[in-house]
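Asks: Please read through the structure below; I'll follow up with questions.
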Amino acid sequence: MNISNIILPIIILIIISYAIYKKVDLLNTFIEGAKEGIEMTIQIFPTILAMLLAINILLKSNFILDFTSILKPILDVLHFPCEILPLAMLKPISGSSSLIVMNELLKTYGTNSYIGYLASVIQGSTDTTIYILSIYFSSIGIKKIKYALKVGLIADLIALISAIVIVNLLLI
Amino acid sequence: MVNYIWAFFVIVGILYSLLNGKIDLVNSEIINSASSSIEMILSMLPIMCLWLGIMNIAKESGLLNIFSKKMSPLISLIFKEIPKDHEAIGLISSNILMNMLGLGNAATPFGLKTMKSLQELNSNKDSASRSMITFLVINTCCITIIPTTVISFRLLNGANNPTDIVLASILTSVIATILSLIIDRLFFYLERRKDEYI
């Protein structure tokens, strides 16, 4: 039995049991909440379409991969592992394509190699910043996001550097 | 600024594909994007409804409130401007909890609901509030205790001990989150000072 497969059912079990104990009108309460889900999903649809369009155009043009190979000589000097650069650049914009890149890295270098560890840690400890940012803000009609993007991208960079340092310290 | 990024993606993507001959791929992708966004919405809709339904039950029964009270000292430390008994605290905690457990899909509904609730507290409805940006920063670093997707991909690629990255992954996200929160504060004070001069 996989521990992560138990978590979700247990959470639901606790919530429902407590609600029964408190005599909540279960079904109607659930439906009321679920209705809000329809509204919210429809509200973010245009944003998802817009983001997917732009992200996919950029991905298919191969720009990111070519760009990282240009940066390679500079990063070699800094002892930065270039192999993970495509992953690091894709992660803030697209979760599914960064997952594909991580899979490729694991396949090519092996799961217990330096690159394999690094790719796994980066994938596991960062999220799709630009995507989350646009969906979250557009869902409530925020037009001025102030310094949000700057901080979000700096956070990604910090996570990348921390991942490199920690993998070097702990796993190698 | 998101406007510029969006334009940058589209313009650079199209111009670059014109140069390297990948324009056919890009052309078909423009049409595909429309249908893949519908697929995405369709797979998202039931998850949103499911979790917002379950959460409504937790809210009505008072469980969310109990959870909020337990988490409130910690959350209030980071989000000083949210009133202690506000619904947002419970929602932020739920979102972080879901992220911690590696249930990214379930985290999104709570995230969106949190933004809605933070908007109620926002004095200027057009622009992002400090707590919204802080919430976003926490979300992008996503402290994960069990990175389920990564573990399954490692297993798939023949790792004999696929969970060996867990400790490194937790440490990385904790350190990154703390540093990012400091940067977030820094930007907030810099921005406020700028406003005062103008």
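Just so we're on the same page: first chain in the structure tokens is A, next is B, and so on; residues restart at 1 for each chain, and ligands are numbered from 1 in the order they show up.
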Find the residues around Ile11 (chain A) up to 12 Å (only C-alpha atoms counted), leave out those fewer than 3 positions away in its own chain, and share them as a PyMOL selection string.

Replies: (chain A and resi 4-8+14-18) or (chain B and resi 51+54-55+58+63+94+97-98+101+103+106)

Asks: Output C-alpha atoms for every residue in the selection just made, as a short mmCIF file (atom, residue, chain, number, x, y, z; two decimals), in the first residue's frame.

Replies:
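Ended up saving to out_17.cif:
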data_model
loop_
_atom_site.label_atom_id
_atom_site.label_comp_id
_atom_site.auth_asym_id
_atom_site.auth_seq_id
_atom_site.Cartn_x
_atom_site.Cartn_y
_atom_site.Cartn_z
CA SER A 4 0.35 8.80 -0.68
CA ASN A 5 -2.70 6.89 -1.88
CA ILE A 6 -4.22 6.97 1.60
CA ILE A 7 -3.98 10.69 2.23
CA LEU A 8 -6.78 11.87 -0.03
CA ILE A 14 -12.42 13.11 8.35
CA ILE A 15 -14.35 16.01 6.79
CA ILE A 16 -17.49 13.95 6.15
CA SER A 17 -17.45 12.20 9.54
CA TYR A 18 -17.11 15.48 11.41
CA TRP B 51 -12.91 20.18 -3.74
CA ILE B 54 -15.90 19.13 0.11
CA MET B 55 -14.52 22.40 1.43
CA ALA B 58 -15.75 21.47 6.07
CA LEU B 63 -13.91 22.04 10.81
CA SER B 94 -5.65 24.35 3.29
CA LEU B 97 -1.48 21.63 3.30
CA MET B 98 -2.54 20.29 -0.12
CA LEU B 101 0.97 16.54 0.55
CA LEU B 103 -1.80 17.16 -4.17
CA ALA B 106 -6.48 19.94 -5.05
#

Asks: Which neighbours of Ala54 (chain A) fall inside 7 Å, counting only C-alpha atoms, when residues of the same chain fewer than 6 positions from it are skipped, and could you give them as a ChimeraX atom specification?

Replies: /B:6,9-10

Asks: Could you name the residues that touch region 185-197 of chain B at 10 Å or less, counting only C-alpha atoms, but leaving out those on the same chain fewer than 3 positions away, as a PDB file with N, CA and C atoms, in the first residue's frame?

Replies:
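What landed in around16.pdb:
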ATOM      1  N   LYS A 146       1.786  44.781  -9.577  1.00  0.00           N
ATOM      2  CA  LYS A 146       2.929  45.372  -8.853  1.00  0.00           C
ATOM      3  C   LYS A 146       4.193  44.519  -8.997  1.00  0.00           C
ATOM      4  N   TYR A 147       4.842  44.190  -7.870  1.00  0.00           N
ATOM      5  CA  TYR A 147       6.132  43.510  -7.941  1.00  0.00           C
ATOM      6  C   TYR A 147       5.986  41.980  -7.927  1.00  0.00           C
ATOM      7  N   ALA A 148       4.767  41.466  -8.127  1.00  0.00           N
ATOM      8  CA  ALA A 148       4.517  40.027  -7.977  1.00  0.00           C
ATOM      9  C   ALA A 148       5.387  39.160  -8.895  1.00  0.00           C
ATOM     10  N   LYS A 150       8.240  39.896 -10.458  1.00  0.00           N
ATOM     11  CA  LYS A 150       9.658  39.994 -10.098  1.00  0.00           C
ATOM     12  C   LYS A 150       9.970  39.037  -8.944  1.00  0.00           C
ATOM     13  N   VAL A 151       9.170  39.155  -7.880  1.00  0.00           N
ATOM     14  CA  VAL A 151       9.420  38.323  -6.697  1.00  0.00           C
ATOM     15  C   VAL A 151       9.264  36.845  -7.042  1.00  0.00           C
TER      16      VAL A 151
ATOM     17  N   ILE B  78       3.177  35.383   8.947  1.00  0.00           N
ATOM     18  CA  ILE B  78       3.571  35.740   7.576  1.00  0.00           C
ATOM     19  C   ILE B  78       2.603  36.760   6.989  1.00  0.00           C
ATOM     20  N   ARG B 130      -0.641  43.227  -0.745  1.00  0.00           N
ATOM     21  CA  ARG B 130       0.583  42.629  -0.234  1.00  0.00           C
ATOM     22  C   ARG B 130       0.395  41.143   0.082  1.00  0.00           C
ATOM     23  N   ILE B 133       0.435  38.842  -3.020  1.00  0.00           N
ATOM     24  CA  ILE B 133       1.760  38.571  -3.574  1.00  0.00           C
ATOM     25  C   ILE B 133       2.516  37.586  -2.684  1.00  0.00           C
ATOM     26  N   THR B 134       2.397  37.775  -1.362  1.00  0.00           N
ATOM     27  CA  THR B 134       3.045  36.843  -0.442  1.00  0.00           C
ATOM     28  C   THR B 134       2.499  35.433  -0.640  1.00  0.00           C
ATOM     29  N   SER B 180      12.642  33.584  -0.169  1.00  0.00           N
ATOM     30  CA  SER B 180      11.725  34.308  -1.045  1.00  0.00           C
ATOM     31  C   SER B 180      10.803  35.208  -0.246  1.00  0.00           C
ATOM     32  N   LEU B 181      10.397  34.764   0.939  1.00  0.00           N
ATOM     33  CA  LEU B 181       9.538  35.605   1.783  1.00  0.00           C
ATOM     34  C   LEU B 181      10.292  36.859   2.222  1.00  0.00           C
ATOM     35  N   ILE B 182      11.596  36.705   2.482  1.00  0.00           N
ATOM     36  CA  ILE B 182      12.405  37.869   2.853  1.00  0.00           C
ATOM     37  C   ILE B 182      12.487  38.850   1.672  1.00  0.00           C
TER      38      ILE B 182
END

Asks: I need the helix (DSSP H, G or I) residues of region 9-134 of chain A per DSSP on the backbone, written as number ranges by chain.

Replies: A: 9-21, 26-60, 63-77, 82-90, 95-109, 114-125, 129-134

Asks: Of the residues A:Val77, A:Gly116, A:Gln43, A:Ser61, which is the one nearest to chain B, using only C-alpha atoms?

Replies: A:Ser61

Asks: Quick one: everything within 10 Å of Ser113 (chain A), counting only C-alpha atoms, minus sequence neighbours fewer than 6 positions away in the same chain. Send it as a PyMOL selection string.

Replies: chain A and resi 105-106+119+171-172

Asks: Would you please work out which residue, of A:Val165, A:Leu99, A:Ile145, A:Ile135, is nearest to chain B when using only C-alpha atoms?

Replies: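 The answer is A:Ile145, which sits nearest to chain B.
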
Asks: Taking only C-alpha atoms into account, which of B:Pro46, B:Pro83, B:Gly53, B:Gly104 comes nearest chain A?

Replies: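 When distances to chain A are compared using only C-alpha atoms, the smallest one comes from B:Gly53.
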